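Structure file input_20.cif (mmCIF, C-alpha atoms) is printed below.
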data_coords
#
loop_
_atom_site.group_PDB
_atom_site.id
_atom_site.type_symbol
_atom_site.label_atom_id
_atom_site.label_comp_id
_atom_site.auth_asym_id
_atom_site.auth_seq_id
_atom_site.Cartn_x
_atom_site.Cartn_y
_atom_site.Cartn_z
ATOM 1 C CA MET A 45 143.758 34.493 50.446
ATOM 2 C CA SER A 46 142.260 37.914 49.838
ATOM 3 C CA PHE A 47 139.433 38.644 47.432
ATOM 4 C CA ALA A 48 140.346 39.214 43.808
ATOM 5 C CA ILE A 49 141.093 42.419 41.985
ATOM 6 C CA GLY A 50 137.775 43.630 40.559
ATOM 7 C CA ALA A 51 135.693 41.884 43.226
ATOM 8 C CA LEU A 52 133.357 43.746 45.556
ATOM 9 C CA ALA A 53 134.898 44.271 48.966
ATOM 10 C CA PRO A 54 133.234 42.529 51.922
ATOM 11 C CA ASN A 55 131.213 45.089 53.817
ATOM 12 C CA PHE A 56 131.797 45.927 57.467
ATOM 13 C CA THR A 57 131.079 48.363 60.233
ATOM 14 C CA LEU A 58 133.714 48.621 62.967
ATOM 15 C CA PRO A 59 134.130 50.847 66.020
ATOM 16 C CA ASP A 60 136.827 53.481 66.055
ATOM 17 C CA THR A 61 138.773 54.250 69.232
ATOM 18 C CA TYR A 62 135.899 56.458 70.427
ATOM 19 C CA ALA A 63 133.416 53.567 69.901
ATOM 20 C CA ASN A 64 131.831 55.309 66.915
ATOM 21 C CA ALA A 65 130.435 52.763 64.473
ATOM 22 C CA THR A 66 132.330 53.336 61.240
ATOM 23 C CA PRO A 67 131.046 51.792 58.017
ATOM 24 C CA LEU A 68 133.232 50.836 55.088
ATOM 25 C CA ARG A 69 131.483 53.121 52.622
ATOM 26 C CA ASP A 70 130.800 56.816 53.043
ATOM 27 C CA VAL A 71 128.733 58.787 50.537
ATOM 28 C CA ASP A 72 131.021 61.805 50.870
ATOM 29 C CA SER A 73 134.148 59.802 50.037
ATOM 30 C CA PRO A 74 133.750 57.832 46.829
ATOM 31 C CA VAL A 75 137.153 56.145 47.032
ATOM 32 C CA THR A 76 138.233 54.123 50.070
ATOM 33 C CA ALA A 77 141.501 52.595 51.155
ATOM 34 C CA VAL A 78 141.688 50.076 53.965
ATOM 35 C CA VAL A 79 145.021 49.557 55.691
ATOM 36 C CA PHE A 80 145.400 46.703 58.158
ATOM 37 C CA THR A 81 147.982 47.926 60.634
ATOM 38 C CA CYS A 82 148.862 47.690 64.316
ATOM 39 C CA ASN A 83 150.849 49.268 67.120
ATOM 40 C CA HIS A 84 153.822 47.003 67.558
ATOM 41 C CA CYS A 85 154.971 45.863 64.120
ATOM 42 C CA PRO A 86 158.188 47.525 62.916
ATOM 43 C CA TYR A 87 157.037 47.378 59.294
ATOM 44 C CA ALA A 88 153.683 48.998 60.087
ATOM 45 C CA LEU A 89 155.466 51.652 62.127
ATOM 46 C CA ALA A 90 158.123 52.250 59.482
ATOM 47 C CA TRP A 91 155.399 52.927 56.898
ATOM 48 C CA HIS A 92 153.042 54.664 59.322
ATOM 49 C CA GLU A 93 153.908 58.305 58.624
ATOM 50 C CA ARG A 94 153.759 57.716 54.876
ATOM 51 C CA VAL A 95 150.229 56.356 55.192
ATOM 52 C CA GLN A 96 149.181 59.308 57.373
ATOM 53 C CA ALA A 97 150.578 61.706 54.773
ATOM 54 C CA VAL A 98 148.457 59.971 52.144
ATOM 55 C CA ALA A 99 145.375 60.320 54.356
ATOM 56 C CA ARG A 100 146.041 64.027 54.768
ATOM 57 C CA ASP A 101 146.798 64.588 51.079
ATOM 58 C CA TYR A 102 143.901 62.592 49.642
ATOM 59 C CA GLY A 103 141.162 63.333 52.199
ATOM 60 C CA PRO A 104 140.248 66.606 50.490
ATOM 61 C CA ARG A 105 140.080 64.733 47.159
ATOM 62 C CA GLY A 106 137.285 62.431 48.274
ATOM 63 C CA VAL A 107 139.356 59.540 49.615
ATOM 64 C CA ARG A 108 138.775 57.935 52.975
ATOM 65 C CA ILE A 109 141.479 55.824 54.553
ATOM 66 C CA LEU A 110 140.373 53.380 57.228
ATOM 67 C CA GLN A 111 143.137 51.886 59.346
ATOM 68 C CA ILE A 112 142.240 48.655 61.103
ATOM 69 C CA ASN A 113 143.936 46.793 63.933
ATOM 70 C CA SER A 114 142.901 43.113 63.975
ATOM 71 C CA ASN A 115 145.668 41.705 66.162
ATOM 72 C CA ASP A 116 144.936 39.527 69.179
ATOM 73 C CA ALA A 117 145.453 41.951 72.042
ATOM 74 C CA GLU A 118 145.287 39.177 74.618
ATOM 75 C CA ARG A 119 148.638 37.849 73.496
ATOM 76 C CA PHE A 120 149.971 41.196 72.263
ATOM 77 C CA PRO A 121 148.991 43.901 74.779
ATOM 78 C CA HIS A 122 150.666 46.593 72.651
ATOM 79 C CA ASP A 123 147.671 46.166 70.326
ATOM 80 C CA SER A 124 144.958 46.671 72.936
ATOM 81 C CA LEU A 125 142.137 49.138 72.385
ATOM 82 C CA ALA A 126 143.622 51.289 75.151
ATOM 83 C CA ALA A 127 146.963 51.382 73.341
ATOM 84 C CA MET A 128 145.187 52.232 70.092
ATOM 85 C CA SER A 129 143.281 55.038 71.810
ATOM 86 C CA ALA A 130 146.485 56.432 73.273
ATOM 87 C CA ARG A 131 148.058 56.686 69.840
ATOM 88 C CA VAL A 132 144.984 58.377 68.419
ATOM 89 C CA ALA A 133 144.897 60.802 71.359
ATOM 90 C CA ALA A 134 148.568 61.564 70.719
ATOM 91 C CA GLY A 135 147.676 62.668 67.206
ATOM 92 C CA GLU A 136 149.390 59.789 65.442
ATOM 93 C CA PHE A 137 146.486 59.047 63.082
ATOM 94 C CA ALA A 138 145.223 61.207 60.253
ATOM 95 C CA SER A 139 142.152 59.021 59.635
ATOM 96 C CA PRO A 140 139.946 56.620 61.633
ATOM 97 C CA TYR A 141 141.707 53.797 63.492
ATOM 98 C CA LEU A 142 139.269 50.907 63.788
ATOM 99 C CA HIS A 143 139.244 47.936 66.124
ATOM 100 C CA ASP A 144 138.512 44.518 64.624
ATOM 101 C CA ALA A 145 138.298 42.714 67.965
ATOM 102 C CA THR A 146 136.706 39.567 66.554
ATOM 103 C CA GLN A 147 139.118 39.483 63.582
ATOM 104 C CA GLU A 148 136.128 38.828 61.316
ATOM 105 C CA VAL A 149 137.031 41.676 58.970
ATOM 106 C CA ALA A 150 140.651 40.587 58.627
ATOM 107 C CA HIS A 151 139.465 37.056 57.867
ATOM 108 C CA ALA A 152 136.848 38.233 55.361
ATOM 109 C CA TRP A 153 139.333 40.457 53.569
ATOM 110 C CA GLY A 154 142.132 37.912 53.621
ATOM 111 C CA ALA A 155 144.492 40.332 55.308
ATOM 112 C CA ALA A 156 147.731 38.579 56.172
ATOM 113 C CA VAL A 157 150.253 41.093 57.435
ATOM 114 C CA THR A 158 150.614 44.595 58.783
ATOM 115 C CA PRO A 159 150.593 46.766 56.834
ATOM 116 C CA ASP A 160 148.271 45.272 54.218
ATOM 117 C CA VAL A 161 146.739 47.828 51.847
ATOM 118 C CA PHE A 162 143.473 47.518 49.904
ATOM 119 C CA VAL A 163 142.149 50.275 47.604
ATOM 120 C CA LEU A 164 138.533 50.274 46.438
ATOM 121 C CA ASP A 165 137.126 52.178 43.485
ATOM 122 C CA THR A 166 133.944 54.227 43.461
ATOM 123 C CA ASP A 167 131.877 51.038 43.096
ATOM 124 C CA GLY A 168 133.560 49.409 46.095
ATOM 125 C CA ARG A 169 135.578 47.019 43.953
ATOM 126 C CA LEU A 170 139.189 46.136 44.736
ATOM 127 C CA VAL A 171 141.645 47.912 42.438
ATOM 128 C CA TYR A 172 144.855 47.519 44.452
ATOM 129 C CA HIS A 173 146.148 45.113 47.062
ATOM 130 C CA GLY A 174 149.635 45.050 48.495
ATOM 131 C CA ALA A 175 152.278 47.162 50.185
ATOM 132 C CA PRO A 176 152.239 50.965 50.446
ATOM 133 C CA ASP A 177 155.411 51.155 48.357
ATOM 134 C CA ALA A 178 158.460 49.101 47.447
ATOM 135 C CA ASP A 179 160.643 49.608 50.540
ATOM 136 C CA TYR A 180 159.758 50.290 54.159
ATOM 137 C CA ARG A 181 163.257 51.721 54.669
ATOM 138 C CA ASP A 182 162.971 54.387 51.975
ATOM 139 C CA GLU A 183 160.772 57.243 53.120
ATOM 140 C CA SER A 184 161.294 59.042 49.817
ATOM 141 C CA LEU A 185 159.022 56.473 48.150
ATOM 142 C CA ALA A 186 156.141 58.177 49.991
ATOM 143 C CA ALA A 187 153.707 55.255 49.679
ATOM 144 C CA ALA A 188 153.860 55.603 45.902
ATOM 145 C CA TRP A 189 151.905 52.409 45.112
ATOM 146 C CA LEU A 190 149.093 53.489 47.405
ATOM 147 C CA ARG A 191 149.063 56.991 45.904
ATOM 148 C CA ASP A 192 149.092 55.635 42.347
ATOM 149 C CA ALA A 193 146.196 53.321 43.163
ATOM 150 C CA LEU A 194 144.167 56.167 44.668
ATOM 151 C CA ASP A 195 144.867 58.377 41.653
ATOM 152 C CA ALA A 196 143.717 55.559 39.386
ATOM 153 C CA ALA A 197 140.555 54.944 41.400
ATOM 154 C CA LEU A 198 139.705 58.641 41.345
ATOM 155 C CA GLU A 199 140.258 58.721 37.575
ATOM 156 C CA HIS A 200 138.239 55.504 36.972
ATOM 157 C CA ARG A 201 141.186 53.585 35.557
ATOM 158 C CA GLN A 202 143.194 50.547 36.631
ATOM 159 C CA PRO A 203 146.390 51.147 38.614
ATOM 160 C CA ASP A 204 149.697 49.667 37.572
ATOM 161 C CA PRO A 205 150.662 47.681 39.561
ATOM 162 C CA ALA A 206 147.296 46.431 40.778
ATOM 163 C CA GLN A 207 148.879 43.888 43.078
ATOM 164 C CA THR A 208 152.146 43.754 44.994
ATOM 165 C CA GLU A 209 153.480 41.534 47.751
ATOM 166 C CA PRO A 210 152.442 42.853 51.155
ATOM 167 C CA VAL A 211 155.450 42.932 53.483
ATOM 168 C CA GLY A 212 155.185 43.010 57.241
ATOM 169 C CA CYS A 213 154.363 41.183 60.440
ATOM 170 C CA SER A 214 151.797 38.450 60.278
ATOM 171 C CA ILE A 215 148.427 39.334 61.756
ATOM 172 C CA LYS A 216 148.297 37.903 65.248
ATOM 173 C CA TRP A 217 145.350 35.534 65.114
ATOM 174 C CA ARG A 218 143.498 34.453 68.185
ATOM 175 C CA PRO A 219 144.117 30.817 69.172
ATOM 176 C CA MET B 997 176.915 33.598 68.260
ATOM 177 C CA GLU B 998 173.283 32.842 67.613
ATOM 178 C CA LEU B 999 170.524 34.407 65.560
ATOM 179 C CA LEU B 1000 167.095 33.518 66.870
ATOM 180 C CA TYR B 1001 164.216 33.981 64.461
ATOM 181 C CA TRP B 1002 160.536 33.287 63.990
ATOM 182 C CA ASN B 1003 159.406 32.275 60.531
ATOM 183 C CA GLY B 1004 156.341 34.543 60.615
ATOM 184 C CA CYS B 1005 158.514 37.629 60.380
ATOM 185 C CA PRO B 1006 160.415 38.345 57.156
ATOM 186 C CA SER B 1007 163.321 40.271 58.684
ATOM 187 C CA HIS B 1008 165.732 37.528 59.703
ATOM 188 C CA ALA B 1009 167.398 37.151 56.308
ATOM 189 C CA ALA B 1010 168.255 40.853 56.210
ATOM 190 C CA ALA B 1011 169.396 40.711 59.825
ATOM 191 C CA LEU B 1012 171.714 37.801 59.090
ATOM 192 C CA THR B 1013 173.182 39.575 56.064
ATOM 193 C CA GLU B 1014 173.774 42.714 58.110
ATOM 194 C CA LEU B 1015 175.269 40.726 60.999
ATOM 195 C CA ARG B 1016 177.686 38.901 58.712
ATOM 196 C CA ALA B 1017 178.680 42.175 57.049
ATOM 197 C CA ALA B 1018 179.350 43.732 60.439
ATOM 198 C CA LEU B 1019 181.406 40.733 61.587
ATOM 199 C CA ALA B 1020 183.489 40.853 58.410
ATOM 200 C CA GLU B 1021 184.031 44.575 58.695
ATOM 201 C CA LEU B 1022 185.158 44.239 62.308
ATOM 202 C CA GLY B 1023 187.665 41.529 61.487
ATOM 203 C CA HIS B 1024 185.615 38.476 62.463
ATOM 204 C CA PRO B 1025 184.616 36.961 59.123
ATOM 205 C CA GLY B 1026 185.067 33.428 60.444
ATOM 206 C CA VAL B 1027 182.678 33.692 63.364
ATOM 207 C CA GLN B 1028 179.981 31.058 63.037
ATOM 208 C CA VAL B 1029 176.418 32.238 63.460
ATOM 209 C CA ALA B 1030 174.022 29.510 64.586
ATOM 210 C CA ILE B 1031 170.544 30.037 63.218
ATOM 211 C CA SER B 1032 167.823 28.924 65.611
ATOM 212 C CA GLU B 1033 164.135 28.933 64.820
ATOM 213 C CA ILE B 1034 161.681 29.754 67.577
ATOM 214 C CA ALA B 1035 158.497 27.970 66.598
ATOM 215 C CA SER B 1036 156.180 28.128 69.612
ATOM 216 C CA GLU B 1037 155.114 30.503 72.344
ATOM 217 C CA ALA B 1038 156.508 28.045 74.895
ATOM 218 C CA GLN B 1039 159.877 28.088 73.160
ATOM 219 C CA ALA B 1040 159.761 31.888 73.012
ATOM 220 C CA ALA B 1041 159.169 32.048 76.761
ATOM 221 C CA GLN B 1042 161.876 29.491 77.440
ATOM 222 C CA ARG B 1043 164.438 31.420 75.366
ATOM 223 C CA ASP B 1044 163.330 34.913 76.528
ATOM 224 C CA PHE B 1045 162.578 35.623 72.892
ATOM 225 C CA VAL B 1046 160.888 39.024 72.564
ATOM 226 C CA GLY B 1047 160.760 38.999 68.797
ATOM 227 C CA SER B 1048 162.433 38.137 65.539
ATOM 228 C CA PRO B 1049 165.297 38.631 64.913
ATOM 229 C CA THR B 1050 167.232 38.410 68.184
ATOM 230 C CA ILE B 1051 171.003 38.114 68.302
ATOM 231 C CA ARG B 1052 172.830 36.473 71.177
ATOM 232 C CA ILE B 1053 176.572 36.533 71.796
ATOM 233 C CA ALA B 1054 177.531 33.936 74.398
ATOM 234 C CA GLY B 1055 173.928 34.162 75.551
ATOM 235 C CA ILE B 1056 173.965 37.947 75.834
ATOM 236 C CA ASP B 1057 171.658 40.135 73.754
ATOM 237 C CA PRO B 1058 173.943 42.856 72.377
ATOM 238 C CA LEU B 1059 170.943 45.161 72.003
ATOM 239 C CA PRO B 1060 168.886 44.335 75.080
ATOM 240 C CA PRO B 1061 165.140 44.876 74.885
ATOM 241 C CA THR B 1062 163.184 47.127 77.202
ATOM 242 C CA PRO B 1063 162.858 45.426 80.610
ATOM 243 C CA GLY B 1064 159.510 43.663 80.898
ATOM 244 C CA GLU B 1065 159.053 43.317 77.154
ATOM 245 C CA PRO B 1066 156.777 40.264 76.724
ATOM 246 C CA THR B 1067 158.109 37.197 74.991
ATOM 247 C CA GLY B 1068 156.269 35.880 71.949
ATOM 248 C CA LEU B 1069 156.169 35.018 68.292
ATOM 249 C CA THR B 1070 156.340 38.437 66.724
ATOM 250 C CA CYS B 1071 158.611 40.780 64.809
ATOM 251 C CA ARG B 1072 161.010 42.631 67.046
ATOM 252 C CA LEU B 1073 160.902 46.391 67.007
ATOM 253 C CA TYR B 1074 164.252 48.169 66.824
ATOM 254 C CA ARG B 1075 164.983 51.876 66.627
ATOM 255 C CA ARG B 1076 167.423 53.400 64.197
ATOM 256 C CA ARG B 1077 169.736 56.102 65.511
ATOM 257 C CA ASP B 1078 167.680 58.691 63.673
ATOM 258 C CA GLY B 1079 164.581 57.564 65.615
ATOM 259 C CA ARG B 1080 162.932 55.560 62.841
ATOM 260 C CA HIS B 1081 161.329 52.216 63.603
ATOM 261 C CA SER B 1082 163.000 49.207 62.044
ATOM 262 C CA PRO B 1083 162.644 45.423 61.995
ATOM 263 C CA THR B 1084 166.441 45.053 62.157
ATOM 264 C CA PRO B 1085 169.059 46.692 64.395
ATOM 265 C CA ASP B 1086 170.706 49.922 63.381
ATOM 266 C CA PRO B 1087 173.980 48.849 61.729
ATOM 267 C CA ALA B 1088 175.960 51.337 63.806
ATOM 268 C CA ASP B 1089 174.429 50.058 67.053
ATOM 269 C CA LEU B 1090 175.163 46.510 65.982
ATOM 270 C CA ARG B 1091 178.821 47.296 65.244
ATOM 271 C CA GLU B 1092 179.205 49.110 68.535
ATOM 272 C CA ALA B 1093 177.752 46.147 70.430
ATOM 273 C CA LEU B 1094 179.919 43.645 68.564
ATOM 274 C CA ARG B 1095 183.055 45.663 69.354
ATOM 275 C CA ARG B 1096 182.039 45.633 73.010
ATOM 276 C CA LEU B 1097 181.238 41.940 73.267
ATOM 277 C CA LEU B 1098 183.695 40.230 70.940
ATOM 278 C CA PRO B 1099 187.401 39.809 71.648
ATOM 279 C CA PRO B 1100 189.753 41.820 69.421
ATOM 280 C CA PRO B 1101 190.206 40.071 66.060
ATOM 281 C CA THR B 1102 193.259 37.904 65.481
ATOM 282 C CA GLN B 1103 195.243 38.216 62.263
ATOM 283 C CA GLU B 1104 193.855 34.899 60.979
ATOM 284 C CA SER B 1105 190.248 35.790 61.550
#
Show me this structure written as structure tokens.
Amino acid sequence: MSFAIGALAPNFTLPDTYANATPLRDVDSPVTAVVFTCNHCPYALAWHERVQAVARDYGPRGVRILQINSNDAERFPHDSLAAMSARVAAGEFASPYLHDATQEVAHAWGAAVTPDVFVLDTDGRLVYHGAPDADYRDESLAAAWLRDALDAALEHRQPDPAQTEPVGCSIKWRP
Amino acid sequence: MELLYWNGCPSHAAALTELRAALAELGHPGVQVAISEIASEAQAAQRDFVGSPTIRIAGIDPLPPTPGEPTGLTCRLYRRRDGRHSPTPDPADLREALRRLLPPPTQES
């Protein structure tokens, strides 16, 4: 169960693939989106380019998108830090790709699947939780729910919808 | 014919619908598809299950995974013909494989 719309997001600092400690909040980026994703899930991969396009489009507008991999890499080697680093080195990510090795952040946020999208307003409160858009198969949707939520957060209003059903692979929890 | 699935991945319903549509289109509407849940890592290893959904025709995977792909309870990653990632097989690939592996349809089927 994730935290409620309007609630303050649990804070965290996680390493990116270069081991840089990356905090949730950044003074230069008032609005933040957190996307739990991974390397092997077909849903996460189907939506991946749409999320990167959002990161590129909204970065200059004061939005930071943090992408987090929380999967158990022991059982799923495709989600290892080395595999994450390789994707970053190949230019596949338009924003930081963070490693939640202990899965504490995924637990605290109530993330359930990949991709699972959370948008925070300028106060760090949750304004949107759900999928990037309505259909992983339809690239023309362009992560519309995520974009609408970011627009709303930037304009200090509530997005509609504020909550949708995240669709994807379950997060691979450690035994 | 068998459709193996893991309940933690939401793609098996779509895969079954697409499989039945392909069978009907190819003249095999009466082919029974057994639905088998894979519920544990041990079962996944035992059945060489590399992800959900997996189709087997007389024990043969019509769209074989990459050699060495680990077994496990996960969603299976397929590629569409246009290169996109997908949780279900490309319908054209599926039809091609079914044509290859199934006998020609009889008039009754």
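Of the residues under consideration (B:Leu1000, B:Leu1022, B:Ile1056, B:Ala1093), B:Leu1000 shows the shortest atom-to-atom contact distance to Leu1069 (chain B) when counting all atoms listed in the file.
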Worksheet entry | Of the listed residues A:Asp204, A:Asp60, A:Asp179, A:Asp160, that which approaches Ser139 (chain A) most closely, counting all atoms listed in the file |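 Of all the options, A:Asp60 lies closest to Ser139 (chain A).
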Practice prompt. Check the smallest atom-to-atom distance from each of A:Gln207, A:Asn83, A:Thr61, A:Ser114 to chain B using only C-alpha atoms, then report the winner.
Written response: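 Closest to chain B of all the choices is A:Asn83.
For the structure shown here, the set of residues caught by the PyMOL selection byres ((chain A) within 10 of (chain B)) is A:His84, A:Cys85, A:Pro86, A:Tyr87, A:Ala88, A:Leu89, A:Ala90, A:Trp91, A:His92, A:Arg119, A:Phe120, A:Pro121, A:His122, A:Val157, A:Tyr180, A:Arg181, A:Val211, A:Gly212, A:Cys213, A:Ser214, A:Ile215, A:Lys216.
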Practice prompt. Excluding Ala150 (chain A) and residues on its chain fewer than 3 positions from it, collect all residues at most 12 Å away from it, counting all atoms listed in the file, and give them as a PyMOL selection string.
Written response: chain A and resi 45-47+53-56+58+78-81+111-116+142-147+153-162+214-218
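Compared by their closest atoms to Leu1019 (chain B), and using only C-alpha atoms, the residues B:Pro1085, B:Pro1099, B:Leu1094, B:Ile1053 rank with B:Leu1094 nearest.
Ranking B:Pro1101, B:Val1027, B:Ala1035, B:Glu1014 by their shortest atom-to-atom distance to Ser1048 (chain B), with all atoms listed in the file included, puts B:Ala1035 first.
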Would you write out, as a tab-separated table (two decimals) with C-alpha atoms, in the frame of the given file, every residue that the PyMOL selection byres ((chain A and resi 108) around 10) captures in this file?
chain	number	residue	atom	x	y	z
A	68	LEU	CA	133.23	50.84	55.09
A	69	ARG	CA	131.48	53.12	52.62
A	70	ASP	CA	130.80	56.82	53.04
A	72	ASP	CA	131.02	61.80	50.87
A	73	SER	CA	134.15	59.80	50.04
A	74	PRO	CA	133.75	57.83	46.83
A	75	VAL	CA	137.15	56.14	47.03
A	76	THR	CA	138.23	54.12	50.07
A	77	ALA	CA	141.50	52.60	51.16
A	78	VAL	CA	141.69	50.08	53.96
A	98	VAL	CA	148.46	59.97	52.14
A	99	ALA	CA	145.38	60.32	54.36
A	100	ARG	CA	146.04	64.03	54.77
A	102	TYR	CA	143.90	62.59	49.64
A	103	GLY	CA	141.16	63.33	52.20
A	104	PRO	CA	140.25	66.61	50.49
A	105	ARG	CA	140.08	64.73	47.16
A	106	GLY	CA	137.28	62.43	48.27
A	107	VAL	CA	139.36	59.54	49.62
A	109	ILE	CA	141.48	55.82	54.55
A	110	LEU	CA	140.37	53.38	57.23
A	111	GLN	CA	143.14	51.89	59.35
A	139	SER	CA	142.15	59.02	59.64
A	140	PRO	CA	139.95	56.62	61.63
A	163	VAL	CA	142.15	50.28	47.60
Might I get the box with edges along x, y and z of the file that holds all atoms of region 997-1014 of chain B listed there, padded by 6 Å on every side, given as centre and edge lengths in Å to one decimal, as AutoDock Vina command-line options?
--center_x 166.6 --center_y 37.5 --center_z 62.2 --size_x 32.6 --size_y 22.4 --size_z 24.2
Fill in: Straight-line distance linking CA of Leu1090 (chain B) with CA of Asp1078 (chain B), stated in Å to one decimal
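Between CA of Leu1090 (chain B) and CA of Asp1078 (chain B) the gap is 14.5 Å.
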Discussion item. What's the separation between CA of Arg131 (chain A) and CA of Cys82 (chain A), in Å to one decimal place?
Written reply: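 Straight-line distance from CA of Arg131 (chain A) to CA of Cys82 (chain A) works out to 10.6 Å.
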Might you spell out which residues the PyMOL selection byres ((chain B and resi 1023) around 9) would select in the displayed file, as an mmCIF file with C-alpha atoms, in the frame of the given file?
data_model
loop_
_atom_site.group_PDB
_atom_site.id
_atom_site.type_symbol
_atom_site.label_atom_id
_atom_site.label_comp_id
_atom_site.auth_asym_id
_atom_site.auth_seq_id
_atom_site.Cartn_x
_atom_site.Cartn_y
_atom_site.Cartn_z
ATOM 1 C CA ALA B 1018 179.350 43.732 60.439
ATOM 2 C CA LEU B 1019 181.406 40.733 61.587
ATOM 3 C CA ALA B 1020 183.489 40.853 58.410
ATOM 4 C CA GLU B 1021 184.031 44.575 58.695
ATOM 5 C CA LEU B 1022 185.158 44.239 62.308
ATOM 6 C CA HIS B 1024 185.615 38.476 62.463
ATOM 7 C CA PRO B 1025 184.616 36.961 59.123
ATOM 8 C CA GLY B 1026 185.067 33.428 60.444
ATOM 9 C CA PRO B 1100 189.753 41.820 69.421
ATOM 10 C CA PRO B 1101 190.206 40.071 66.060
ATOM 11 C CA THR B 1102 193.259 37.904 65.481
ATOM 12 C CA GLN B 1103 195.243 38.216 62.263
ATOM 13 C CA SER B 1105 190.248 35.790 61.550
#
Discussion item. So that I can check the surroundings of Ile49 (chain A), please list as a list in words every protein, DNA and RNA residue that reaches within 7 Å of it, counting all atoms listed in the file and ignoring chain neighbours fewer than 2 positions away.
Written reply: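 Answer for this query is Phe47, Ala51, Leu170, Val171 and Tyr172 of chain A.
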